[in-house]
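Notes for the one structure printed next.
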Amino acid sequence: MKRSQLILIAIGIIAIGGLYALPSVVVDNESKADGVSQENSSASTTSTDPIAMHEAELSPDQRLQINTLKLQIAENSSKEEVKSSTEDIAAIYQELGQYDSAGYYLSLAADQQSDMGLAEKAGNAYYEAFSFALYPEKVTYTAEQTRKYLNKVLENDPTRLDLKTKVAMTYVSSSNPMQGITMLREILEEDPQNEDGLFNMGVLSMQSGQYKRATERFEELIQYHPDNLQGQFYLGVSYFEAKQNNKAKAQFEKVKTMTEDEMILGSIESYLEKL
């Protein structure tokens with residue numbers, strides 16, 4: 001199932017139970033189980049040691065693959081071979097949803113080679129780990145690592161608004177959330193149609209209970225990006241919470257035509273029953 005679908009399902013289930021509350025960061029959940037697994041492990045292991053945390057979760061074949069790749073790296077391989085082997089190790093961890101372990105190996109190679117491509121991959125992996133994190137120590141650590149590596153790429157290419165958006169979102173859940181919000185506003189000043197910027201500002205408006213403002217953000221989003229399923233769904237939720245029942249009903253009916261996933265459709269029906 002696509003990650004975007006799982007987000008919608010999670011939101012719908014929470015709302016159905018009358019306990020609707022948005023997460024402290026915008027997440028793209030591949031698997032709720034992955035997030036729980038990572039967090040349970042981190043309770044007994046420091047957040048800066050993802051390798052030890054995830055070692056026990058590897059199958060014998062995966063452990064053999066990783067050890068073989070490590071040997072290849074240690075054998076004075078060329079930069080290209082080191083990069084390839086590191087990316088292969090990261091891919092194994094990413095497949096398991098162990099994004100901080102993937103980020104750890106990618107960051108080692110990025111630091112060693114001063115490779116912006118690896119730095120971007122490391123930052124993106126840490127951002128995925130940040131998205132799953134629940135414990136404060138892990139949130140802080142993965143946010144810092146995300147900023148460290150994505151900012152390296154941004155220093156070389158400030159036009160990468162997609163990466164700037166991720167950096168901004170790491171600040172939103174920090175002790176200085178306004179820094180992240182300011183960055184998102186700067187992104188929208190530079191590119192008023194920016195998909196990630198509009199989406200995240202919409203979600204942040206929902207978090208703060210500003211549903212009228214959220215509807216405006218999501219209306220802008222789907223005007224420019226009509227295929228954004230998450231935005232279409234959140235617009236319906238925003239209408240619902242803003243007591244704009246007619247608009248909410250029409251919006252949910254529209255979303256029903258955009259997906260065939262039974263769980264999402266069931267969530268939408270639960271909203272419609274309340275209208």
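As shown in the structure tokens, the chain order sets the letters A, B, ...; within each chain, residues go from 1, and ligands are also counted from 1 in the order they appear.
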Item to check | For Tyr239 of chain A: contacts at 9 Å, only C-alpha atoms, fewer than 4 positions along chain excluded, given as a PyMOL selection string | outcome: chain A and resi 211-212+214-215+234-235+243-249+251
Can those selected residues be exported to a file as a compact mmCIF listing (two decimals), in the first residue's frame so that it contains C-alpha atoms?
# COMPACT_ATOMS: atom_id res chain seq x y z
CA TYR A 211 -9.29 25.24 9.89
CA LYS A 212 -10.42 28.20 7.80
CA ALA A 214 -6.18 25.28 6.35
CA THR A 215 -8.99 25.18 3.78
CA TYR A 234 -7.14 17.02 4.07
CA LEU A 235 -9.27 19.65 2.36
CA LYS A 243 -18.37 23.06 9.94
CA GLN A 244 -18.64 23.71 6.20
CA ASN A 245 -20.68 20.58 5.80
CA ASN A 246 -21.83 20.99 2.20
CA LYS A 247 -18.29 21.60 1.02
CA ALA A 248 -17.00 18.72 3.12
CA LYS A 249 -19.54 16.32 1.64
CA GLN A 251 -15.02 17.13 -1.27
Checklist outcome for this item: Among A:Gln193, A:Ser208, A:Thr140, A:Ser59, Ser175 of chain A is approached most closely, using only C-alpha atoms, by A:Thr140
Next on the checklist: Can you tell me, as a ChimeraX atom specification, which residues in segment 57-263 of chain A count as helix (DSSP H, G or I) by DSSP?
Outcome noted: /A:60-74,79-95,99-113,116-132,136-156,161-172,177-190,195-207,211-224,229-241,245-256,262-263
